[in-house]
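Pasted below: my_file05.cif, mmCIF, C-alpha atoms.
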data_structure
#
loop_
_atom_site.label_atom_id
_atom_site.label_comp_id
_atom_site.auth_asym_id
_atom_site.auth_seq_id
_atom_site.Cartn_x
_atom_site.Cartn_y
_atom_site.Cartn_z
CA GLN O 1296 0.00 0.00 0.00
CA ALA O 1297 2.82 2.35 0.91
CA LEU O 1298 4.34 1.72 -2.50
CA LEU O 1299 1.02 2.50 -4.21
CA ASP O 1300 0.70 5.76 -2.28
CA GLU O 1301 4.19 6.76 -3.23
CA GLU O 1302 3.50 6.03 -6.88
CA GLN O 1303 0.37 8.18 -6.73
CA THR O 1304 2.25 11.10 -5.23
CA GLU O 1305 4.97 10.79 -7.86
CA MET O 1306 2.41 10.69 -10.66
CA LEU O 1307 0.58 13.73 -9.35
CA ARG O 1308 3.82 15.66 -9.04
CA SER O 1309 5.01 14.92 -12.54
CA SER O 1310 1.57 15.52 -14.04
CA ARG O 1311 1.47 18.94 -12.38
CA GLN O 1312 4.88 19.47 -13.97
CA LEU O 1313 6.14 22.10 -11.56
CA PRO O 1314 8.74 24.02 -13.53
CA LEU O 1315 12.21 23.76 -12.11
CA ASP O 1316 13.44 26.92 -13.83
CA THR O 1317 12.33 29.69 -16.12
CA ASN O 1318 13.35 27.66 -19.16
CA THR O 1319 10.93 24.85 -18.42
CA PHE O 1320 8.19 27.26 -17.38
CA ASN O 1321 5.21 27.05 -19.71
CA TYR O 1322 4.76 30.49 -21.31
CA GLU O 1323 1.89 29.23 -23.42
CA SER O 1324 -0.63 28.68 -20.68
CA TYR O 1325 -2.24 30.80 -18.03
CA HIS O 1326 -0.93 30.54 -14.48
CA THR O 1327 -2.10 31.04 -10.94
CA ILE O 1328 -0.82 33.77 -8.66
CA ASP O 1329 1.41 31.29 -6.79
CA GLU O 1330 2.90 30.02 -10.03
CA ILE O 1331 3.67 33.56 -11.17
CA TYR O 1332 5.19 34.55 -7.82
CA ASN O 1333 7.24 31.36 -7.98
CA PHE O 1334 8.35 32.27 -11.51
CA MET O 1335 9.54 35.65 -10.26
CA ASP O 1336 11.63 34.07 -7.53
CA MET O 1337 13.18 31.65 -10.01
CA LEU O 1338 14.00 34.46 -12.42
CA VAL O 1339 15.72 36.44 -9.67
CA ALA O 1340 17.62 33.37 -8.47
CA GLU O 1341 18.83 32.64 -11.98
CA ASN O 1342 19.85 36.22 -12.71
CA PRO O 1343 20.93 37.80 -9.44
CA ASN O 1344 23.08 40.42 -11.15
CA LEU O 1345 20.25 41.72 -13.28
CA VAL O 1346 16.92 41.06 -11.57
CA SER O 1347 15.70 41.82 -8.08
CA LYS O 1348 12.26 41.72 -6.50
CA LEU O 1349 10.80 44.63 -4.57
CA GLU O 1350 7.69 44.71 -2.42
CA ILE O 1351 6.05 48.10 -2.89
CA GLY O 1352 3.05 47.49 -0.65
CA ARG O 1353 0.21 45.19 0.19
CA SER O 1354 -3.20 44.72 -1.36
CA THR O 1355 -6.51 45.11 0.48
CA GLU O 1356 -6.43 41.40 1.31
CA ASN O 1357 -2.80 41.74 2.36
CA ARG O 1358 -1.20 40.13 -0.66
CA PRO O 1359 2.30 41.40 -1.42
CA LEU O 1360 2.63 43.74 -4.38
CA TYR O 1361 5.82 42.67 -6.11
CA VAL O 1362 7.80 44.59 -8.68
CA LEU O 1363 10.73 43.15 -10.62
CA LYS O 1364 13.65 45.51 -11.09
CA PHE O 1365 15.94 44.98 -14.07
CA SER O 1366 19.18 46.90 -13.66
CA THR O 1367 22.78 46.64 -14.81
CA GLY O 1368 23.94 48.99 -12.08
CA GLY O 1369 24.18 52.67 -11.31
CA THR O 1370 22.23 54.53 -8.67
CA ASN O 1371 18.64 55.58 -9.25
CA ARG O 1372 19.04 55.49 -13.03
CA PRO O 1373 16.27 56.88 -15.20
CA ALA O 1374 13.70 54.12 -15.46
CA ILE O 1375 10.78 52.67 -17.36
CA TRP O 1376 7.72 51.41 -15.50
CA ILE O 1377 5.51 48.64 -16.92
CA ASP O 1378 2.49 47.14 -15.21
CA THR O 1379 0.25 44.28 -16.29
CA GLY O 1380 -2.87 42.81 -14.72
CA ILE O 1381 -4.30 45.96 -13.16
CA HIS O 1382 -7.65 44.67 -14.39
CA SER O 1383 -7.57 41.16 -13.08
CA ARG O 1384 -9.71 39.49 -15.75
CA GLU O 1385 -7.38 40.61 -18.52
CA TRP O 1386 -5.40 37.40 -18.12
CA VAL O 1387 -3.33 37.74 -21.26
CA THR O 1388 -1.68 40.80 -19.70
CA GLN O 1389 -0.29 39.04 -16.63
CA ALA O 1390 0.83 36.25 -18.97
CA SER O 1391 2.48 38.88 -21.16
CA GLY O 1392 4.18 40.36 -18.09
CA VAL O 1393 5.70 36.99 -17.33
CA TRP O 1394 6.87 36.72 -20.92
CA PHE O 1395 8.26 40.29 -20.88
CA ALA O 1396 10.30 39.45 -17.78
CA LYS O 1397 11.89 36.46 -19.45
CA LYS O 1398 12.43 38.39 -22.69
CA ILE O 1399 14.23 41.22 -20.93
CA VAL O 1400 16.60 38.71 -19.35
CA GLU O 1401 17.16 36.93 -22.68
CA ASP O 1402 17.73 40.16 -24.58
CA HIS O 1403 20.33 41.15 -22.01
CA ALA O 1404 22.05 37.78 -22.28
CA ASN O 1405 22.10 37.97 -26.08
CA ASN O 1406 22.95 41.66 -26.21
CA GLU O 1407 20.00 42.51 -28.44
CA GLY O 1408 16.58 44.12 -28.14
CA VAL O 1409 16.28 46.01 -24.85
CA ALA O 1410 19.88 45.27 -23.86
CA SER O 1411 20.95 48.72 -25.03
CA ILE O 1412 18.26 50.34 -22.88
CA LEU O 1413 19.54 48.48 -19.84
CA GLU O 1414 22.98 50.02 -20.30
CA THR O 1415 21.68 53.37 -19.11
CA MET O 1416 18.18 52.75 -17.73
CA ASP O 1417 16.37 50.45 -15.33
CA ILE O 1418 13.11 48.66 -16.00
CA PHE O 1419 10.46 48.12 -13.32
CA LEU O 1420 7.81 45.51 -14.07
CA GLU O 1421 4.78 44.80 -11.91
CA ILE O 1422 3.18 41.64 -13.28
CA VAL O 1423 0.29 41.05 -10.88
CA THR O 1424 -0.80 44.58 -10.22
CA ASN O 1425 -4.16 43.53 -8.78
CA PRO O 1426 -3.46 40.25 -6.93
CA ASP O 1427 -6.73 40.15 -4.98
CA GLY O 1428 -8.73 40.48 -8.17
CA PHE O 1429 -6.50 37.94 -9.89
CA ALA O 1430 -6.96 35.37 -7.13
CA PHE O 1431 -10.71 35.98 -7.35
CA THR O 1432 -10.72 35.29 -11.09
CA HIS O 1433 -9.21 31.90 -10.35
CA THR O 1434 -11.40 30.89 -7.44
CA THR O 1435 -14.75 32.51 -8.06
CA ASN O 1436 -15.40 34.81 -10.98
CA ARG O 1437 -13.28 34.67 -14.13
CA LEU O 1438 -14.61 38.05 -15.23
CA TRP O 1439 -13.76 40.06 -12.09
CA ARG O 1440 -12.07 43.34 -13.01
CA LYS O 1441 -11.80 45.54 -9.96
CA THR O 1442 -9.96 45.33 -6.64
CA ARG O 1443 -11.63 43.52 -3.74
CA SER O 1444 -11.98 46.43 -1.35
CA LYS O 1445 -15.09 47.10 0.71
CA HIS O 1446 -15.87 50.71 1.36
CA SER O 1447 -18.49 51.69 3.89
CA GLY O 1448 -21.96 52.39 2.64
CA SER O 1449 -22.20 49.69 0.03
CA ILE O 1450 -22.60 45.95 -0.17
CA CYS O 1451 -20.83 45.97 -3.49
CA VAL O 1452 -17.16 45.11 -3.60
CA GLY O 1453 -14.25 46.58 -5.48
CA VAL O 1454 -12.93 49.73 -7.09
CA ASP O 1455 -11.76 50.04 -10.69
CA PRO O 1456 -8.06 50.69 -10.05
CA ASN O 1457 -7.78 52.34 -13.43
CA ARG O 1458 -10.26 55.04 -12.41
CA ASN O 1459 -8.63 55.58 -9.02
CA TRP O 1460 -5.66 57.67 -10.19
CA ASP O 1461 -5.43 61.33 -9.24
CA ALA O 1462 -5.85 62.66 -12.76
CA GLY O 1463 -9.29 64.02 -13.54
CA PHE O 1464 -10.52 61.82 -10.70
CA GLY O 1465 -14.26 61.26 -10.73
CA GLU O 1466 -14.79 62.85 -14.11
CA ALA O 1467 -16.39 61.35 -17.22
CA GLY O 1468 -15.66 57.71 -17.92
CA ALA O 1469 -15.81 56.70 -14.27
CA SER O 1470 -18.79 55.86 -12.14
CA GLY O 1471 -19.72 56.93 -8.64
CA ASN O 1472 -21.78 53.79 -8.19
CA PRO O 1473 -19.85 51.17 -6.17
CA CYS O 1474 -21.70 48.36 -7.92
CA THR O 1475 -20.36 49.19 -11.36
CA GLU O 1476 -17.22 48.00 -13.13
CA THR O 1477 -15.83 51.53 -13.47
CA TYR O 1478 -16.40 52.69 -9.88
CA HIS O 1479 -13.67 55.23 -9.18
CA GLY O 1480 -13.62 54.66 -5.44
CA PRO O 1481 -14.33 57.04 -2.55
CA TYR O 1482 -11.29 59.21 -3.35
CA ALA O 1483 -8.16 59.15 -5.50
CA ASN O 1484 -5.55 56.57 -4.45
CA SER O 1485 -8.00 54.96 -2.04
CA GLU O 1486 -6.81 51.59 -3.31
CA PRO O 1487 -3.51 50.34 -1.86
CA GLU O 1488 -2.72 48.75 -5.21
CA VAL O 1489 -2.77 52.19 -6.79
CA LYS O 1490 -1.32 54.17 -3.89
CA SER O 1491 1.73 51.97 -3.64
CA ILE O 1492 2.55 52.61 -7.30
CA VAL O 1493 2.06 56.35 -6.85
CA ASP O 1494 4.29 56.34 -3.77
CA PHE O 1495 6.92 54.28 -5.53
CA VAL O 1496 7.02 56.48 -8.62
CA LYS O 1497 7.11 59.69 -6.58
CA SER O 1498 9.85 58.53 -4.26
CA HIS O 1499 11.90 57.12 -7.13
CA GLY O 1500 11.75 60.48 -8.82
CA ASN O 1501 13.34 59.34 -12.05
CA ILE O 1502 10.67 57.37 -13.93
CA LYS O 1503 10.82 58.47 -17.56
CA ALA O 1504 8.13 56.29 -19.10
CA PHE O 1505 5.03 54.69 -17.58
CA ILE O 1506 3.34 51.92 -19.53
CA SER O 1507 0.19 50.12 -18.46
CA ILE O 1508 -0.95 47.01 -20.31
CA HIS O 1509 -4.60 46.04 -20.83
CA SER O 1510 -6.46 43.52 -22.94
CA TYR O 1511 -9.14 45.69 -24.24
CA SER O 1512 -8.62 46.34 -27.94
CA GLN O 1513 -5.69 46.88 -30.21
CA LEU O 1514 -4.83 50.43 -29.24
CA LEU O 1515 -1.68 52.31 -28.28
CA LEU O 1516 -2.77 55.27 -26.20
CA TYR O 1517 -1.15 58.31 -24.62
CA PRO O 1518 -2.71 60.99 -22.35
CA TYR O 1519 -5.12 62.59 -21.74
CA GLY O 1520 -8.36 60.70 -21.14
CA TYR O 1521 -10.11 63.42 -19.16
CA THR O 1522 -9.51 66.45 -21.36
CA GLU O 1523 -9.05 67.27 -25.01
CA THR O 1524 -6.19 69.60 -24.19
CA PRO O 1525 -3.15 67.91 -25.72
CA VAL O 1526 -0.17 66.98 -23.53
CA PRO O 1527 2.91 69.19 -23.95
CA ASP O 1528 4.80 66.41 -25.75
CA GLN O 1529 1.88 65.32 -27.90
CA GLN O 1530 3.75 65.54 -31.19
CA GLU O 1531 6.64 63.45 -29.96
CA LEU O 1532 4.33 60.89 -28.35
CA HIS O 1533 2.42 60.61 -31.59
CA LYS O 1534 5.61 60.01 -33.56
CA VAL O 1535 6.84 57.42 -31.08
CA SER O 1536 3.46 55.69 -31.19
CA ALA O 1537 3.55 55.55 -34.98
CA LYS O 1538 6.97 53.88 -34.86
CA ALA O 1539 5.94 51.45 -32.15
CA VAL O 1540 2.81 50.42 -34.03
CA ALA O 1541 4.78 49.93 -37.26
CA ALA O 1542 7.37 47.82 -35.46
CA LEU O 1543 4.63 45.72 -33.88
CA SER O 1544 2.93 45.19 -37.20
CA SER O 1545 6.17 44.14 -38.89
CA LEU O 1546 6.19 40.84 -36.97
CA TYR O 1547 2.80 39.27 -37.67
CA GLY O 1548 0.74 42.02 -39.26
CA THR O 1549 -1.00 42.88 -35.98
CA LYS O 1550 -2.79 46.19 -36.45
CA TYR O 1551 -2.97 48.74 -33.64
CA LYS O 1552 -4.58 52.17 -33.80
CA TYR O 1553 -2.95 54.97 -31.83
CA GLY O 1554 -3.62 58.42 -30.43
CA SER O 1555 -4.63 60.16 -27.26
CA ILE O 1556 -7.12 58.34 -25.03
CA ILE O 1557 -9.87 60.88 -25.45
CA THR O 1558 -9.73 61.03 -29.26
CA THR O 1559 -9.14 57.32 -29.83
CA ILE O 1560 -11.51 55.61 -27.41
CA CYS O 1561 -14.17 58.21 -28.11
CA GLU O 1562 -14.88 56.24 -31.20
CA TYR O 1563 -16.62 53.71 -28.96
CA GLY O 1564 -19.15 56.40 -28.09
CA GLY O 1565 -17.48 56.81 -24.71
CA ASN O 1566 -18.81 58.80 -21.85
CA ASP C 1164 -29.51 62.52 -39.28
CA ILE C 1165 -33.21 62.30 -39.89
CA ASP C 1166 -35.07 65.04 -38.06
CA ASP C 1167 -37.52 63.86 -35.45
CA VAL C 1168 -36.81 60.25 -36.31
CA GLY C 1169 -33.25 59.32 -35.47
CA HIS C 1170 -29.91 58.46 -37.03
CA LYS C 1171 -29.61 56.22 -40.03
CA TYR C 1172 -26.43 54.42 -41.01
CA TYR C 1173 -25.65 52.91 -44.39
CA LEU C 1174 -23.17 50.06 -44.11
CA GLU C 1175 -21.13 48.00 -46.51
CA LEU C 1176 -19.93 44.91 -44.75
CA GLU C 1177 -17.85 41.89 -45.48
CA LEU C 1178 -18.96 38.79 -43.64
CA GLU C 1179 -16.32 36.22 -42.82
CA ASP C 1180 -17.31 32.60 -42.33
CA VAL C 1181 -16.14 31.72 -38.82
CA LEU C 1182 -15.67 28.10 -39.78
CA ASP C 1183 -13.95 28.79 -43.11
CA LYS C 1184 -11.85 31.91 -42.76
CA ASP C 1185 -11.09 32.35 -46.45
CA ARG C 1186 -14.75 32.52 -47.28
CA THR C 1187 -16.26 36.00 -47.36
CA VAL C 1188 -19.59 37.37 -48.48
CA SER C 1189 -20.45 41.02 -49.05
CA CYS C 1190 -23.58 42.56 -47.72
CA THR C 1191 -25.18 45.95 -47.28
CA ALA C 1192 -27.26 47.10 -44.36
CA GLU C 1193 -29.30 50.04 -43.20
CA VAL C 1194 -29.56 50.67 -39.48
CA LEU C 1195 -31.92 53.23 -37.99
CA TYR C 1196 -31.44 54.20 -34.36
CA HIS C 1197 -34.60 55.80 -33.08
CA LEU C 1198 -34.54 59.14 -31.30
CA GLY C 1199 -35.46 59.41 -27.70
CA SER C 1200 -34.67 57.53 -24.57
CA ARG C 1201 -37.56 55.13 -24.95
CA ALA C 1202 -35.76 51.87 -25.43
CA SER C 1203 -36.59 50.34 -28.77
CA ALA C 1204 -34.42 48.18 -30.92
CA PRO C 1205 -32.84 49.78 -33.99
CA ASP C 1206 -34.47 48.96 -37.33
CA VAL C 1207 -32.20 46.80 -39.45
CA GLN C 1208 -32.43 45.88 -43.13
CA VAL C 1209 -29.79 43.55 -44.58
CA THR C 1210 -29.10 42.40 -48.11
CA VAL C 1211 -26.64 39.59 -48.62
CA GLN C 1212 -24.85 39.64 -51.95
CA GLY C 1213 -23.80 36.15 -52.71
CA GLU C 1214 -24.43 32.77 -51.26
CA LEU C 1215 -23.91 31.36 -47.84
CA ARG C 1216 -22.26 27.98 -47.72
CA SER C 1217 -24.52 24.99 -47.27
CA THR C 1218 -24.20 23.41 -43.84
CA GLU C 1219 -26.82 20.73 -44.40
CA GLU C 1220 -24.66 17.78 -43.45
CA ALA C 1221 -23.21 19.27 -40.31
CA ASP C 1222 -26.67 20.50 -39.29
CA LYS C 1223 -28.13 17.04 -39.71
CA GLU C 1224 -25.30 15.43 -37.75
CA PHE C 1225 -25.69 17.88 -34.87
CA TYR C 1226 -29.49 17.56 -34.89
CA ASN C 1227 -29.42 13.77 -34.78
CA ARG C 1228 -26.74 13.75 -32.11
CA MET C 1229 -28.79 16.04 -29.84
CA ARG C 1230 -32.04 14.20 -30.44
CA SER C 1231 -30.51 10.84 -29.60
CA LEU C 1232 -28.86 11.84 -26.32
CA GLU C 1233 -30.10 9.71 -23.45
CA LYS C 1234 -29.74 12.54 -20.99
CA GLU C 1235 -30.32 16.14 -21.96
CA LEU C 1236 -27.14 18.10 -22.53
CA VAL C 1237 -26.01 20.35 -19.70
CA ALA C 1238 -22.84 22.39 -19.85
CA GLU C 1239 -21.25 25.47 -18.35
CA ASN C 1240 -18.46 27.94 -18.92
CA ILE C 1241 -18.07 27.87 -22.68
CA PRO C 1242 -15.29 28.78 -23.27
CA ASP C 1243 -13.61 27.84 -20.01
CA SER C 1244 -11.35 30.18 -18.05
CA HIS C 1245 -8.47 29.42 -20.37
CA GLY C 1246 -10.49 30.13 -23.52
CA ASN C 1247 -10.90 26.50 -24.54
CA ILE C 1248 -14.03 24.90 -25.99
CA PRO C 1249 -14.31 21.10 -26.32
CA PRO C 1250 -15.01 20.29 -30.00
CA GLU C 1251 -18.35 18.62 -29.28
CA LEU C 1252 -19.60 21.85 -27.68
CA GLU C 1253 -18.64 24.05 -30.64
CA PRO C 1254 -22.14 23.98 -32.19
CA ILE C 1255 -23.65 24.87 -28.81
CA HIS C 1256 -21.30 27.82 -28.62
CA LEU C 1257 -22.10 28.93 -32.17
CA LEU C 1258 -25.82 28.74 -31.45
CA ALA C 1259 -25.29 30.85 -28.35
CA TRP C 1260 -23.44 33.37 -30.47
CA VAL C 1261 -26.38 33.61 -32.85
CA ALA C 1262 -28.88 33.95 -30.00
CA SER C 1263 -26.70 36.61 -28.39
CA GLY C 1264 -26.77 38.50 -31.68
CA TYR C 1265 -30.52 38.78 -31.35
CA VAL C 1266 -30.34 39.93 -27.71
CA ILE C 1267 -27.61 42.44 -28.60
CA TRP C 1268 -29.67 43.82 -31.47
CA GLN C 1269 -32.68 44.25 -29.21
CA ASN C 1270 -30.62 46.12 -26.62
CA SER C 1271 -28.21 48.22 -28.68
CA THR C 1272 -28.00 51.97 -28.93
CA GLU C 1273 -25.44 54.16 -30.69
CA ASN C 1274 -23.47 54.15 -27.44
CA THR C 1275 -23.19 50.47 -26.71
CA LYS C 1276 -20.87 47.78 -27.99
CA PHE C 1277 -21.81 44.30 -26.87
CA HIS C 1278 -20.01 41.00 -27.31
CA LEU C 1279 -20.75 37.50 -26.10
CA ALA C 1280 -18.15 36.89 -23.40
CA GLN C 1281 -19.10 33.40 -22.25
CA VAL C 1282 -21.89 30.88 -22.09
CA LYS C 1283 -22.32 30.57 -18.35
CA HIS C 1284 -24.79 27.73 -18.50
CA VAL C 1285 -26.76 25.79 -21.10
CA LYS C 1286 -29.42 23.16 -20.65
CA GLN C 1287 -31.09 21.20 -23.40
CA VAL C 1288 -34.85 20.81 -22.97
CA LYS C 1289 -36.54 17.86 -24.62
CA ARG C 1290 -39.52 18.77 -26.75
CA SER C 1291 -42.40 16.79 -28.19
CA ASP C 1292 -42.18 18.65 -31.51
CA GLU C 1293 -39.24 18.58 -33.91
CA ASP C 1294 -37.29 21.55 -32.59
CA LEU C 1295 -34.24 21.39 -30.39
CA GLN C 1296 -34.50 23.69 -27.38
CA PHE C 1297 -31.61 25.12 -25.39
CA ASP C 1298 -32.00 27.33 -22.34
CA TYR C 1299 -28.92 29.51 -22.08
CA VAL C 1300 -27.47 31.91 -19.57
CA VAL C 1301 -25.06 34.03 -21.59
CA LEU C 1302 -22.71 36.71 -20.34
CA LEU C 1303 -22.65 39.79 -22.54
CA HIS C 1304 -19.75 42.22 -22.17
CA GLU C 1305 -20.45 45.88 -22.87
CA MET C 1306 -17.36 47.75 -24.01
CA VAL C 1307 -18.14 51.31 -22.86
CA SER C 1308 -19.26 50.51 -19.32
CA GLN C 1309 -17.16 47.32 -19.11
CA GLU C 1310 -20.15 45.65 -17.51
CA VAL C 1311 -20.77 41.92 -17.83
CA LEU C 1312 -24.50 41.29 -18.05
CA PRO C 1313 -26.05 37.86 -17.60
CA TRP C 1314 -28.94 37.14 -19.90
CA GLU C 1315 -31.35 34.21 -20.03
CA VAL C 1316 -32.14 33.18 -23.59
CA THR C 1317 -34.22 30.29 -24.85
CA VAL C 1318 -33.33 29.16 -28.36
CA LEU C 1319 -35.24 26.83 -30.65
CA TRP C 1320 -33.35 25.28 -33.55
CA HIS C 1321 -34.20 23.04 -36.45
CA PRO C 1322 -32.04 22.15 -39.48
CA GLN C 1323 -34.54 23.56 -41.95
CA ARG C 1324 -36.23 26.18 -39.83
CA GLY C 1325 -33.06 27.61 -38.36
CA ALA C 1326 -32.70 29.41 -35.04
CA ARG C 1327 -35.38 31.32 -33.22
CA VAL C 1328 -35.13 33.11 -29.89
CA SER C 1329 -38.28 32.44 -27.98
CA ARG C 1330 -37.48 34.35 -24.77
#
As a first step, turn the structure in this file into structure tokens.
Amino acid sequence: QALLDEEQTEMLRSSRQLPLDTNTFNYESYHTIDEIYNFMDMLVAENPNLVSKLEIGRSTENRPLYVLKFSTGGTNRPAIWIDTGIHSREWVTQASGVWFAKKIVEDHANNEGVASILETMDIFLEIVTNPDGFAFTHTTNRLWRKTRSKHSGSICVGVDPNRNWDAGFGEAGASGNPCTETYHGPYANSEPEVKSIVDFVKSHGNIKAFISIHSYSQLLLYPYGYTETPVPDQQELHKVSAKAVAALSSLYGTKYKYGSIITTICEYGGN
Amino acid sequence: DIDDVGHKYYLELELEDVLDKDRTVSCTAEVLYHLGSRASAPDVQVTVQGELRSTEEADKEFYNRMRSLEKELVAENIPDSHGNIPPELEPIHLLAWVASGYVIWQNSTENTKFHLAQVKHVKQVKRSDEDLQFDYVVLLHEMVSQEVLPWEVTVLWHPQRGARVSR
């Protein structure tokens, strides 16, 4: 009997195929929060001179908010911020974040792609930006989008973290109704998931680019969403977007539209 | 713009056969969104230029398979969390897509953009007549509000008579 039990355990283990390193990790399937956190630890362990893991805060349900830092040295170098998974149901974004992490490491090893960026800049990557929501999409509701916070006065749960930023807070495109998917929350930065990013960026002081990934549509967007007034660097952003979209398309013909949020998404008859 | 009536759109569309991606058919449509907040479905007129592929054999196979099941089909989460659909449930999914199209049409305005996100639940109901009946709960995603709305839809289907939404 003992032998049978042992065989069962062995079979279960190999069928679960726990990856031993980031080369055997399966990038072609979706993963749980534990599997992604485990991936991050493996990546750091395999590349201690390039990758480190920072905890920038805790979620409402006290899950750690981890950010991977890719750096070849220096002190407080100018940096690029990338986040994925802020809307927890957009599963391809967390999966993309995992893939980005591995790609950055590979590019550096092969001295191609983003390797040149890493010579003078750091990259910060938060893969599971909304861990409470992400856990909820695995256990209970695959289509959960918001955080899992409870604010007094409502039985409804969650704030749309992407309406919680202090930029045109509470204006068009967000809802004051806690039971809706675009509820902006009681006040800006009420959500720890958002506040910890704000605090991190402000205290770092040298973030040069901030990129947030969603699975929404095929759009490359730059500010503003809350006003038609163009940003000061609108012309440059537009040029950069055009180049990025052309580069993207050159691989597999994927077509992205680009422009400011307010002019581009407006085409959906937005609020 | 048509004063006192609403907004009319003239569309030229290319339809792509989901099951045969190289196959396209052109069609034209006129859509009239009525003025006023009183919810009423937009008027739609469609003309298909060309022929739709015959699906007689596949229809018959699906019909016979469903009619001969010992226990009525019950299924949920199509596609599953990972986006997968078991091959034998493909026709059920396609039928849900068609039924959702009707619900979406009945509930669309110029400011909505609905898609079928997932079939939450489907139950086959045996009937004494020749139709197949499926009671669905579908989840419709609305792009502007980002809301996911559950909808109960009852669909009748017959190889010759096609699909009808009865509720």
Residue members of the PyMOL selection byres ((chain O and resi 1369) around 10) in the file shown, as a PDB file with C-alpha atoms, in the frame of the given file:
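Final file, result-v7.pdb:
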ATOM      1  CA  SER O1366      19.180  46.900 -13.660  1.00  0.00           C
ATOM      2  CA  THR O1367      22.780  46.640 -14.810  1.00  0.00           C
ATOM      3  CA  GLY O1368      23.940  48.990 -12.080  1.00  0.00           C
ATOM      4  CA  THR O1370      22.230  54.530  -8.670  1.00  0.00           C
ATOM      5  CA  ASN O1371      18.640  55.580  -9.250  1.00  0.00           C
ATOM      6  CA  ARG O1372      19.040  55.490 -13.030  1.00  0.00           C
ATOM      7  CA  PRO O1373      16.270  56.880 -15.200  1.00  0.00           C
ATOM      8  CA  GLU O1414      22.980  50.020 -20.300  1.00  0.00           C
ATOM      9  CA  THR O1415      21.680  53.370 -19.110  1.00  0.00           C
ATOM     10  CA  MET O1416      18.180  52.750 -17.730  1.00  0.00           C
ATOM     11  CA  ASP O1417      16.370  50.450 -15.330  1.00  0.00           C
TER      12      ASP O1417
END
- Task: For chain O, report every residue with an atom at most 12 Å from chain C (counting all atoms listed in the file), formatted as a ChimeraX atom specification.
- Result: /O:1323-1327,1382,1384-1387,1390,1432-1441,1455,1467-1470,1472,1474-1478,1510-1512,1560-1566
- Message: Between O:Gly1500, O:Pro1426, O:Val1535, O:Asp1528, which residue has the minimum interatomic distance to Asn1357 in chain O, considering all atoms listed in the file?
- Response: O:Pro1426
- Task: In Å, rounded to a single decimal, give me how far CA of Ala1221 in chain C is from CA of Leu1182 in chain C.
- Result: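 One can read the CA of Leu1182 in chain C to CA of Ala1221 in chain C distance as 11.6 Å.
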Find the spatial neighbours of range 1549-1559 of chain O, counting all atoms listed in the file, within a cut-off of 12 Å - ignore same-chain residues fewer than 6 positions away - and output them as a compact mmCIF listing (two decimals) with C-alpha atoms, in the coordinates of the input.
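Result file follows (result.txt):
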# COMPACT_ATOMS: atom_id res chain seq x y z
CA ALA O 1467 -16.39 61.35 -17.22
CA GLY O 1468 -15.66 57.71 -17.92
CA TYR O 1511 -9.14 45.69 -24.24
CA SER O 1512 -8.62 46.34 -27.94
CA GLN O 1513 -5.69 46.88 -30.21
CA LEU O 1514 -4.83 50.43 -29.24
CA LEU O 1515 -1.68 52.31 -28.28
CA LEU O 1516 -2.77 55.27 -26.20
CA TYR O 1517 -1.15 58.31 -24.62
CA PRO O 1518 -2.71 60.99 -22.35
CA TYR O 1519 -5.12 62.59 -21.74
CA GLY O 1520 -8.36 60.70 -21.14
CA TYR O 1521 -10.11 63.42 -19.16
CA THR O 1522 -9.51 66.45 -21.36
CA GLU O 1523 -9.05 67.27 -25.01
CA THR O 1524 -6.19 69.60 -24.19
CA PRO O 1525 -3.15 67.91 -25.72
CA VAL O 1526 -0.17 66.98 -23.53
CA ASP O 1528 4.80 66.41 -25.75
CA GLN O 1529 1.88 65.32 -27.90
CA GLN O 1530 3.75 65.54 -31.19
CA GLU O 1531 6.64 63.45 -29.96
CA LEU O 1532 4.33 60.89 -28.35
CA HIS O 1533 2.42 60.61 -31.59
CA LYS O 1534 5.61 60.01 -33.56
CA VAL O 1535 6.84 57.42 -31.08
CA SER O 1536 3.46 55.69 -31.19
CA ALA O 1537 3.55 55.55 -34.98
CA LYS O 1538 6.97 53.88 -34.86
CA ALA O 1539 5.94 51.45 -32.15
CA VAL O 1540 2.81 50.42 -34.03
CA ALA O 1541 4.78 49.93 -37.26
CA ALA O 1542 7.37 47.82 -35.46
CA LEU O 1543 4.63 45.72 -33.88
CA GLY O 1565 -17.48 56.81 -24.71
CA ASN O 1566 -18.81 58.80 -21.85
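Put simply, CA of Ile1412 in chain O is 13.1 Å away from CA of Leu1345 in chain O.
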- Query: Near range 1249-1255 of chain C, within 9 Å and counting only C-alpha atoms, which residues show up once chain neighbours fewer than 2 positions away are dropped, as a list in words?
  - Reply: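 Using only C-alpha atoms, the neighbours found are Phe1225, Ala1238, Ile1241, Pro1242, Asn1247, Leu1257, Leu1258, Ala1259, Trp1260, Val1285 and Phe1297 of chain C.
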- Task: Can you work out the spacing between CA of Pro1313 in chain C and CA of Gly1264 in chain C in Å, to one decimal?
- Result: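 These two atoms are separated by 14.1 Å.
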- Task: Tell me which residues the PyMOL selection byres ((chain C and resi 1226) around 10) grabs here, as a list of chain:residue names.
- Result: C:Glu1220, C:Ala1221, C:Asp1222, C:Lys1223, C:Glu1224, C:Phe1225, C:Asn1227, C:Arg1228, C:Met1229, C:Arg1230, C:Ser1231, C:Glu1293, C:Asp1294, C:Leu1295, C:Trp1320, C:His1321, C:Pro1322
- Message: I need the output of the PyMOL selection byres ((chain C and resi 1184-1194) around 12) for this file as a PyMOL selection string; which residues are they?
- Response: chain C and resi 1164+1169-1183+1195-1197+1204-1216+1268+1271-1273
- Message: Just checking: using all atoms listed in the file, which residue out of C:Leu1236, C:Val1282, C:Ala1262, C:Val1168 ends up closest to Val1316 in chain C?
- Response: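 Nearest to Val1316 in chain C: C:Ala1262.
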